[in-house]
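S.K.: For reference, this is work.tsv, and it has TSV, C-alpha atoms.
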```
chain	number	residue	atom	x	y	z
A	3	MET	CA	229.71	168.47	116.50
A	4	VAL	CA	226.59	166.38	115.89
A	5	VAL	CA	224.88	166.77	112.53
A	6	LYS	CA	221.10	166.81	112.87
A	7	VAL	CA	219.35	164.36	110.57
A	8	LYS	CA	215.77	164.92	109.41
A	9	LEU	CA	213.79	161.83	110.36
A	10	GLU	CA	210.36	161.65	108.75
A	11	GLY	CA	207.29	159.77	109.92
A	12	LEU	CA	208.09	159.92	113.64
A	13	ASN	CA	205.85	160.90	116.52
A	14	VAL	CA	207.84	162.46	119.38
A	15	ILE	CA	206.06	162.67	122.74
A	16	LYS	CA	207.16	163.96	126.14
A	17	ALA	CA	205.39	162.44	129.13
A	18	ARG	CA	206.29	162.76	132.82
A	19	GLY	CA	209.59	164.39	131.89
A	20	LYS	CA	210.66	161.58	129.52
A	21	TRP	CA	210.83	161.46	125.73
A	22	TYR	CA	209.21	158.72	123.66
A	23	VAL	CA	209.66	158.29	119.91
A	24	TYR	CA	207.24	156.23	117.81
A	25	VAL	CA	206.78	155.42	114.13
A	26	ARG	CA	203.66	157.43	113.32
A	27	GLU	CA	202.21	154.88	110.91
A	28	THR	CA	202.71	151.69	112.91
A	29	LYS	CA	202.87	153.08	116.49
A	30	GLU	CA	206.11	151.11	116.96
A	31	LYS	CA	208.25	152.51	119.76
A	32	LEU	CA	211.82	153.25	118.66
A	33	LEU	CA	212.95	155.04	121.81
A	34	GLY	CA	211.37	155.18	125.24
A	35	GLY	CA	211.99	156.88	128.56
A	36	PHE	CA	214.80	159.17	127.39
A	37	GLY	CA	215.60	161.92	129.91
A	38	GLY	CA	217.07	165.23	128.85
A	39	THR	CA	216.41	168.39	126.88
A	40	ARG	CA	215.09	168.58	123.34
A	41	ASP	CA	218.60	169.28	122.05
A	42	GLU	CA	219.90	166.22	123.88
A	43	LEU	CA	217.11	164.17	122.34
A	44	GLU	CA	218.07	165.42	118.86
A	45	LYS	CA	221.66	164.28	119.51
A	46	ARG	CA	220.38	160.88	120.68
A	47	LEU	CA	218.31	160.47	117.52
A	48	ALA	CA	221.40	161.17	115.42
A	49	MET	CA	223.41	158.35	116.98
A	50	PRO	CA	224.27	155.39	114.69
A	51	ASP	CA	222.30	152.75	116.62
A	52	PHE	CA	219.08	154.76	116.42
A	53	ILE	CA	219.58	155.62	112.75
A	54	ALA	CA	220.14	151.92	111.99
A	55	LYS	CA	216.93	150.97	113.80
A	56	TYR	CA	215.02	153.74	112.06
A	57	ASN	CA	216.28	152.79	108.60
A	58	ALA	CA	215.74	149.06	109.14
A	59	ARG	CA	212.01	149.64	109.53
A	60	ARG	CA	211.79	152.17	106.69
A	61	LEU	CA	213.48	149.85	104.22
A	62	VAL	CA	210.75	147.28	104.71
A	63	SER	CA	207.98	149.07	102.86
A	64	LYS	CA	204.46	147.77	103.21
A	65	ASN	CA	203.93	148.48	99.52
A	66	ARG	CA	206.69	146.27	98.16
A	67	THR	CA	205.88	142.89	96.67
A	68	TYR	CA	207.32	139.60	97.88
A	69	ASP	CA	208.24	136.43	96.04
A	70	GLU	CA	205.79	133.56	96.07
A	71	GLY	CA	206.39	131.27	99.03
A	72	THR	CA	207.63	134.02	101.34
A	73	LEU	CA	205.95	135.17	104.52
A	74	GLY	CA	205.23	138.55	102.95
A	75	SER	CA	203.46	136.93	100.02
A	76	LEU	CA	201.40	134.77	102.36
A	77	VAL	CA	200.33	137.77	104.46
A	78	HIS	CA	199.23	139.57	101.29
A	79	TRP	CA	197.19	136.54	100.23
A	80	PHE	CA	195.63	136.17	103.69
A	81	GLU	CA	194.57	139.81	103.98
A	82	ASN	CA	193.32	140.18	100.41
A	83	ASP	CA	192.24	136.80	99.02
A	84	CYS	CA	191.43	134.52	101.94
A	85	SER	CA	187.66	134.21	102.52
A	86	LYS	CA	188.15	133.35	106.20
A	87	TYR	CA	189.91	136.67	106.84
A	88	GLN	CA	186.85	138.56	105.56
A	89	THR	CA	184.66	136.99	108.26
A	90	LEU	CA	186.83	138.30	111.11
A	91	SER	CA	185.67	141.20	113.25
A	92	GLN	CA	187.27	144.57	112.59
A	93	ALA	CA	188.93	144.46	116.02
A	94	THR	CA	190.55	141.12	115.17
A	95	LYS	CA	191.66	142.41	111.77
A	96	ASP	CA	193.23	145.42	113.47
A	97	ASP	CA	195.11	143.13	115.88
A	98	TYR	CA	196.34	141.01	112.97
A	99	THR	CA	197.49	144.09	111.06
A	100	LYS	CA	199.56	145.23	114.06
A	101	ALA	CA	201.06	141.76	114.35
A	102	PHE	CA	201.97	141.55	110.67
A	103	THR	CA	203.41	145.07	110.76
A	104	TYR	CA	205.77	143.97	113.51
A	105	LEU	CA	206.76	140.95	111.39
A	106	ARG	CA	207.63	142.90	108.22
A	107	PRO	CA	211.40	142.51	108.70
A	108	GLU	CA	210.79	138.74	108.43
A	109	PHE	CA	208.66	138.93	105.27
A	110	ASP	CA	211.40	137.60	102.96
A	111	TYR	CA	211.58	134.36	104.98
A	112	LEU	CA	210.37	131.29	103.09
A	113	VAL	CA	207.30	129.87	104.87
A	114	GLY	CA	208.41	126.33	104.05
A	115	ASP	CA	211.52	126.88	106.16
A	116	ILE	CA	209.72	128.25	109.24
A	117	THR	CA	209.87	125.88	112.20
A	118	GLN	CA	208.20	126.02	115.59
A	119	ALA	CA	211.56	126.97	117.08
A	120	ASP	CA	211.64	129.98	114.72
A	121	ILE	CA	208.21	131.07	115.96
A	122	TYR	CA	209.39	130.77	119.55
A	123	ASP	CA	212.44	132.93	118.75
A	124	ILE	CA	210.30	135.64	117.16
A	125	ARG	CA	207.74	135.46	119.96
A	126	ASP	CA	210.36	135.77	122.70
A	127	ARG	CA	211.99	138.74	120.99
A	128	CYS	CA	208.60	140.36	120.54
A	129	ALA	CA	207.76	139.83	124.21
A	130	LYS	CA	210.95	141.68	125.20
A	131	GLU	CA	210.46	144.54	122.75
A	132	LYS	CA	206.76	144.93	123.41
A	133	LYS	CA	204.67	142.86	125.83
A	134	GLY	CA	203.87	139.20	126.29
A	135	ARG	CA	200.21	139.78	125.48
A	136	PHE	CA	201.11	141.36	122.12
A	137	ALA	CA	203.54	138.52	121.39
A	138	ASP	CA	200.78	135.98	121.98
A	139	LYS	CA	198.43	137.90	119.70
A	140	MET	CA	201.14	137.87	117.04
A	141	VAL	CA	201.44	134.08	117.32
A	142	SER	CA	197.66	133.79	117.17
A	143	ALA	CA	197.61	135.86	113.96
A	144	LEU	CA	200.30	133.63	112.43
A	145	SER	CA	198.53	130.45	113.50
A	146	SER	CA	195.24	131.62	112.03
A	147	MET	CA	196.91	132.48	108.73
A	148	PHE	CA	198.98	129.28	108.63
A	149	SER	CA	195.89	127.14	109.28
A	150	GLN	CA	194.19	128.61	106.23
A	151	ALA	CA	197.37	128.21	104.19
A	152	VAL	CA	197.64	124.50	105.10
A	153	LYS	CA	194.05	123.94	103.92
A	154	ARG	CA	195.00	125.42	100.55
A	155	ARG	CA	198.29	123.53	100.18
A	156	LYS	CA	200.36	126.68	100.57
A	157	MET	CA	202.09	125.10	103.59
A	158	ALA	CA	202.63	121.54	104.74
A	159	MET	CA	202.00	122.25	108.42
A	160	ASN	CA	201.22	125.01	110.90
A	161	PRO	CA	204.40	125.72	112.93
A	162	ALA	CA	202.61	128.24	115.18
A	163	LEU	CA	200.09	125.70	116.49
A	164	GLY	CA	200.20	124.74	120.16
A	165	LEU	CA	202.85	127.19	121.40
A	166	ASP	CA	203.06	128.01	125.08
A	167	LYS	CA	201.83	131.46	126.04
A	168	ALA	CA	204.37	134.22	126.65
A	169	HIS	CA	201.85	136.07	128.77
A	170	SER	CA	200.44	134.50	131.93
A	171	ALA	CA	196.73	135.22	131.90
A	172	ASP	CA	195.20	136.73	135.02
A	173	PRO	CA	192.93	134.04	136.47
A	174	ASN	CA	190.77	136.85	137.80
A	175	ALA	CA	190.20	138.37	134.36
A	176	ASN	CA	186.70	138.07	132.84
A	177	ARG	CA	185.49	136.30	135.96
A	178	GLU	CA	181.88	135.97	137.05
A	179	TRP	CA	180.70	139.13	138.76
A	180	LEU	CA	179.73	139.10	142.43
A	181	PRO	CA	176.04	139.89	143.10
A	182	GLN	CA	176.85	143.14	144.92
A	183	GLU	CA	179.05	144.34	142.04
A	184	TRP	CA	176.25	143.83	139.52
A	185	GLU	CA	173.72	145.44	141.86
A	186	PHE	CA	175.90	148.55	142.18
A	187	VAL	CA	176.41	148.89	138.42
A	188	MET	CA	172.71	148.39	137.67
A	189	GLU	CA	171.84	151.19	140.07
A	190	ASN	CA	174.62	153.63	139.22
A	191	ALA	CA	176.05	153.14	135.71
A	192	PRO	CA	175.18	155.72	133.02
A	193	ARG	CA	172.41	154.34	130.84
A	194	TYR	CA	174.51	154.33	127.67
A	195	LEU	CA	177.10	152.10	129.39
A	196	LEU	CA	174.57	150.03	131.30
A	197	THR	CA	172.81	148.91	128.10
A	198	PRO	CA	175.67	146.84	126.65
A	199	MET	CA	176.33	145.44	130.12
A	200	MET	CA	172.67	144.45	130.52
A	201	ILE	CA	172.73	142.64	127.18
A	202	ALA	CA	175.96	140.83	128.07
A	203	ARG	CA	174.55	139.81	131.47
A	204	TYR	CA	171.10	138.68	130.36
A	205	ALA	CA	171.67	137.60	126.74
A	206	GLY	CA	175.30	136.48	126.89
A	207	TYR	CA	176.39	138.11	123.65
A	208	ARG	CA	180.01	139.05	122.97
A	209	GLY	CA	180.94	142.70	122.55
A	210	GLN	CA	181.33	142.32	118.78
A	211	THR	CA	177.70	141.16	118.54
A	212	ILE	CA	176.32	143.64	121.08
A	213	VAL	CA	177.68	146.65	119.19
A	214	LYS	CA	175.85	145.49	116.02
A	215	LEU	CA	172.61	144.49	117.74
A	216	GLY	CA	169.70	146.47	116.29
A	217	TRP	CA	166.07	146.91	117.22
A	218	LYS	CA	165.21	144.87	114.13
A	219	ASP	CA	166.89	141.88	115.77
A	220	ILE	CA	164.12	141.70	118.36
A	221	GLY	CA	161.16	139.51	117.50
A	222	THR	CA	158.59	137.15	118.92
A	223	HIS	CA	159.21	133.41	119.14
A	224	SER	CA	156.49	131.02	117.97
A	225	ALA	CA	156.10	130.04	121.64
A	226	GLY	CA	155.01	133.61	122.35
A	227	PHE	CA	158.01	135.16	124.12
A	228	ALA	CA	160.17	138.08	122.97
A	229	CYS	CA	163.64	137.14	121.78
A	230	PHE	CA	166.77	138.23	119.98
A	231	ARG	CA	167.66	136.56	116.70
A	232	LYS	CA	171.16	137.40	115.55
A	233	VAL	CA	173.91	135.76	113.52
A	234	THR	CA	176.96	136.10	115.76
A	235	LYS	CA	180.03	137.68	114.22
A	236	LYS	CA	182.58	135.28	115.70
A	237	ASN	CA	181.30	131.96	114.36
A	238	GLN	CA	178.34	132.86	112.13
A	239	GLU	CA	175.90	130.99	114.37
A	240	ASN	CA	172.23	132.06	114.18
A	241	VAL	CA	171.45	132.37	117.87
A	242	MET	CA	168.00	132.83	119.40
A	243	ILE	CA	168.06	134.23	122.93
A	244	PRO	CA	164.89	134.81	124.98
A	245	ILE	CA	164.62	138.33	126.41
A	246	VAL	CA	164.21	137.92	130.16
A	247	PRO	CA	162.02	140.36	132.15
A	248	GLU	CA	165.01	142.23	133.65
A	249	LEU	CA	166.37	143.00	130.19
A	250	GLN	CA	162.96	143.69	128.68
A	251	GLN	CA	162.25	146.31	131.33
A	252	HIS	CA	165.54	148.05	130.52
A	253	LEU	CA	164.94	147.92	126.76
A	254	ASP	CA	161.46	149.40	127.21
A	255	SER	CA	163.03	152.41	128.94
A	256	LEU	CA	165.33	153.24	126.01
A	257	ASP	CA	164.84	155.78	123.26
A	258	ARG	CA	164.56	153.99	119.92
A	259	SER	CA	165.67	156.91	117.75
A	260	ALA	CA	168.76	155.00	116.51
A	261	LEU	CA	168.89	151.74	114.54
A	262	MET	CA	171.32	150.21	117.02
A	263	ILE	CA	170.26	149.34	120.56
A	264	CYS	CA	173.59	150.39	122.07
A	265	THR	CA	174.67	153.95	121.37
A	266	ARG	CA	177.14	156.46	122.74
A	267	GLN	CA	176.19	159.16	125.21
A	268	ASP	CA	175.15	161.49	122.38
A	269	GLY	CA	172.86	158.85	120.87
A	270	THR	CA	175.08	157.99	117.92
A	271	PRO	CA	176.25	154.41	117.23
A	272	TRP	CA	179.57	153.23	118.61
A	273	ILE	CA	182.34	153.31	116.00
A	274	ASP	CA	183.23	149.69	116.79
A	275	GLU	CA	183.27	147.15	119.60
A	276	LYS	CA	186.68	148.32	120.83
A	277	GLN	CA	185.40	151.84	121.47
A	278	MET	CA	182.40	150.49	123.35
A	279	GLN	CA	184.43	148.01	125.41
A	280	THR	CA	187.05	150.65	126.23
A	281	SER	CA	184.39	153.05	127.52
A	282	VAL	CA	182.86	150.33	129.68
A	283	SER	CA	186.30	149.33	130.93
A	284	HIS	CA	187.24	152.89	131.89
A	285	TYR	CA	184.02	153.21	133.89
A	286	LEU	CA	184.61	149.92	135.69
A	287	ARG	CA	188.23	150.71	136.52
A	288	ASP	CA	187.13	154.08	137.94
A	289	GLN	CA	184.60	152.25	140.11
A	290	GLU	CA	187.26	149.72	141.12
A	291	ALA	CA	189.47	152.58	142.35
A	292	LEU	CA	186.52	153.80	144.44
A	293	GLY	CA	185.97	150.34	145.88
A	294	ASN	CA	182.56	149.82	144.27
A	295	VAL	CA	183.58	146.81	142.18
A	296	GLY	CA	186.54	144.46	142.34
A	297	PRO	CA	189.36	143.76	139.87
A	298	GLY	CA	188.48	141.53	136.94
A	299	THR	CA	185.04	143.02	136.33
A	300	THR	CA	184.71	143.29	132.55
A	301	LEU	CA	182.03	143.35	129.89
A	302	HIS	CA	183.06	139.85	128.84
A	303	GLY	CA	182.88	138.74	132.48
A	304	LEU	CA	179.13	139.38	132.35
A	305	ARG	CA	178.97	136.71	129.65
A	306	THR	CA	180.54	134.40	132.24
A	307	SER	CA	177.87	135.49	134.76
A	308	TYR	CA	175.17	134.70	132.18
A	309	ALA	CA	176.57	131.22	131.58
A	310	ALA	CA	177.00	130.55	135.32
A	311	ASP	CA	173.40	131.57	135.98
A	312	LEU	CA	172.15	129.12	133.34
A	313	SER	CA	174.30	126.36	134.83
A	314	ARG	CA	173.03	126.97	138.36
A	315	HIS	CA	169.48	126.69	137.08
A	316	GLY	CA	170.05	123.26	135.60
A	317	ALA	CA	171.46	123.79	132.10
A	318	ASP	CA	174.09	121.26	131.05
A	319	THR	CA	177.26	122.23	129.21
A	320	ALA	CA	175.67	121.59	125.81
A	321	GLY	CA	172.76	123.86	126.70
A	322	VAL	CA	175.07	126.58	127.98
A	323	ALA	CA	177.19	126.40	124.82
A	324	ALA	CA	174.08	126.72	122.65
A	325	ALA	CA	172.84	129.72	124.67
A	326	LEU	CA	176.27	131.33	124.27
A	327	GLY	CA	176.22	130.82	120.52
A	328	ASP	CA	179.25	128.52	120.64
A	329	LYS	CA	179.50	125.51	118.36
A	330	SER	CA	181.65	123.54	120.78
A	331	GLU	CA	180.24	122.06	123.98
A	332	ARG	CA	183.73	122.53	125.38
A	333	MET	CA	183.10	126.27	125.58
A	334	GLY	CA	180.04	125.64	127.73
A	335	ALA	CA	182.30	123.78	130.14
A	336	HIS	CA	184.91	126.56	129.96
A	337	TYR	CA	182.44	129.19	131.18
A	338	THR	CA	180.87	127.03	133.90
A	339	ARG	CA	183.80	125.03	135.30
A	340	HIS	CA	183.81	127.13	138.48
A	341	VAL	CA	180.09	126.42	138.98
A	342	GLU	CA	180.71	122.67	138.69
A	343	ASN	CA	183.47	122.99	141.30
A	344	GLU	CA	181.08	124.87	143.59
A	345	THR	CA	178.55	122.06	143.22
A	346	LYS	CA	181.16	119.47	144.13
A	347	VAL	CA	182.14	121.43	147.25
A	348	ILE	CA	178.48	121.80	148.29
A	349	ARG	CA	177.95	118.06	147.85
A	350	ALA	CA	181.09	117.32	149.85
A	351	PHE	CA	179.93	119.44	152.78
A	352	ALA	CA	176.39	118.08	152.52
A	353	GLY	CA	177.81	114.58	152.86
A	354	LYS	CA	179.91	115.63	155.84
A	355	ASN	CA	176.95	117.25	157.56
A	356	ARG	CA	174.75	114.23	156.88
A	357	LYS	CA	177.35	111.89	158.36
A	358	SER	CA	177.74	114.10	161.45
A	359	ALA	CA	173.97	114.10	161.95
A	360	GLU	CA	173.84	110.29	161.70
A	361	GLN	CA	176.58	109.95	164.30
A	362	GLN	CA	174.67	112.12	166.72
```
Mind turning this structure into structure tokens?

M.R.:
Amino acid sequence: MVVKVKLEGLNVIKARGKWYVYVRETKEKLLGGFGGTRDELEKRLAMPDFIAKYNARRLVSKNRTYDEGTLGSLVHWFENDCSKYQTLSQATKDDYTKAFTYLRPEFDYLVGDITQADIYDIRDRCAKEKKGRFADKMVSALSSMFSQAVKRRKMAMNPALGLDKAHSADPNANREWLPQEWEFVMENAPRYLLTPMMIARYAGYRGQTIVKLGWKDIGTHSAGFACFRKVTKKNQENVMIPIVPELQQHLDSLDRSALMICTRQDGTPWIDEKQMQTSVSHYLRDQEALGNVGPGTTLHGLRTSYAADLSRHGADTAGVAAALGDKSERMGAHYTRHVENETKVIRAFAGKNRKSAEQQ
């Protein structure tokens, strides 16, 4: 006979005939893909290994305090008292919170004892339990926090700096759009989704800036042209971007009843950048399935298209970086490296054709 145990704070879901059990608060998956009846699931949840896993997470309360010098104490300082943390976008804060929630069982660890090998161990375990992308985000959260701690003499060094990625990035992700893909979207996308894509394509702003871009951020430059003036969320750069005719024509067609330029279908502001980006992504993936756009078309990829267009019209990497609102010229090179390679190929073939003509 199996004694049923009341387990609180769990979210039990059945999908495609399988049972999945999550911690309601943290969304952590405790059991996945279990086949059987509800009674069989109850028996599975009463087994010692599941109870141990359930209790291990519950014992690490997010409300408990940690001794000075521990990882838990450092996380508390970072989230509550570090000025740099307050400048992060809400989406980044949410990612960091998920990462730190996963790390709670390690919160009693002394930060002075953490080595790079320890970070690799945690990252590899996380990649197995979750996904490589999440594991990399967790390392990024740690590295960001450790960097601030080193500056304030809370740590001697950052052991999470320079780790290899657990997740292999898709080289096709966030790529420059093909002309026919952009032409299709311009002609067919719903206006409320087209607006953030137009701004990304012709002003180069990130999603976190686009979602906060208001009509008040449009002005006239002393040289006489219309422009955006906006302090970007990511690096606090005050970026002036001319409004090109294609974008101006689209903006003139919009209803200005809301303070924000980009709104949802019902005319209300997006809750945050993640909601806006997710809606755009769902539309693009639907169009990909229909063969109207290719894989890798994203809102951020239009920022790549914007940078590539500037490069092809003569802007150097410093100019591209400035137009992107990036402090580092290196980022200008990052977004336009493929354009530079195209130029080299064109030159190579031009030289070949010239030599062939001379020989004839």

S.K.: Rank A:Leu249, A:Met200, A:Val113, A:Leu32 by their smallest atom-to-atom distance to Arg305 of chain A, using only C-alpha atoms, and report the top residue only.

M.R.: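 For Arg305 of chain A, the nearest of the given residues is A:Met200.
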
S.K.: Which of these residues is nearest to Leu312 of chain A, using all atoms listed in the file: A:Glu42, A:Asp115, A:Glu290, A:Glu342?

M.R.: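 Closest to Leu312 of chain A, using all atoms listed in the file: A:Glu342.
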
S.K.: Of the candidates A:Arg154, A:His252, A:Arg266, A:His284, which one gets nearest to Glu189 of chain A if we count only C-alpha atoms?

M.R.: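 Between A:Arg154, A:His252, A:Arg266, A:His284, the residue approaching Glu189 of chain A most closely is A:His252.
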
S.K.: Of the candidates A:Met140, A:Val152, A:Val23, A:Met157, which shows the shortest atom-to-atom distance to Gly71 of chain A, using only C-alpha atoms?

M.R.: A:Met157

S.K.: If we count all atoms listed in the file and set the cut-off at 9 Å, which residues sit around Arg314 of chain A, ignoring sequence neighbours fewer than 4 positions away in its own chain? Please answer as a PyMOL selection string.

M.R.: chain A and resi 309-310+341-342+345

S.K.: Set the distance at 12 Å and use all atoms listed in the file: which residues neighbour Phe102 of chain A once local chain neighbours fewer than 6 positions away are removed? I'd like the list as a PyMOL selection string.

M.R.: chain A and resi 28+64+73-78+80-81+95-96+108-109+128+136-137+139-145+147

S.K.: Would you work out the distance separating atom CA of Trp179 of chain A from atom CA of Pro271 of chain A, expressed in Å to one decimal?

M.R.: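 Here the two named atoms are 26.8 Å from each other.
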
S.K.: In Å to one decimal, how far is atom CA of Glu275 of chain A from atom CA of Ala93 of chain A?

M.R.: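 We find that atom CA of Ala93 of chain A and atom CA of Glu275 of chain A lie 7.2 Å from each other.
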
S.K.: Between A:Asp97, A:Gln250, A:Asp311, A:Ile212, which residue has the minimum interatomic distance to Asp274 of chain A, considering all atoms listed in the file?

M.R.: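 The closest residue to Asp274 of chain A is A:Ile212.
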
S.K.: Put the listed atoms of segment 242-259 of chain A in a box along x, y and z with 3 Å added on every side and give me the centre and edge lengths in Å to one decimal, as JSON.

M.R.:
```
{"center_x": 164.8, "center_y": 144.9, "center_z": 125.7, "size_x": 12.6, "size_y": 30.1, "size_z": 21.9}
```
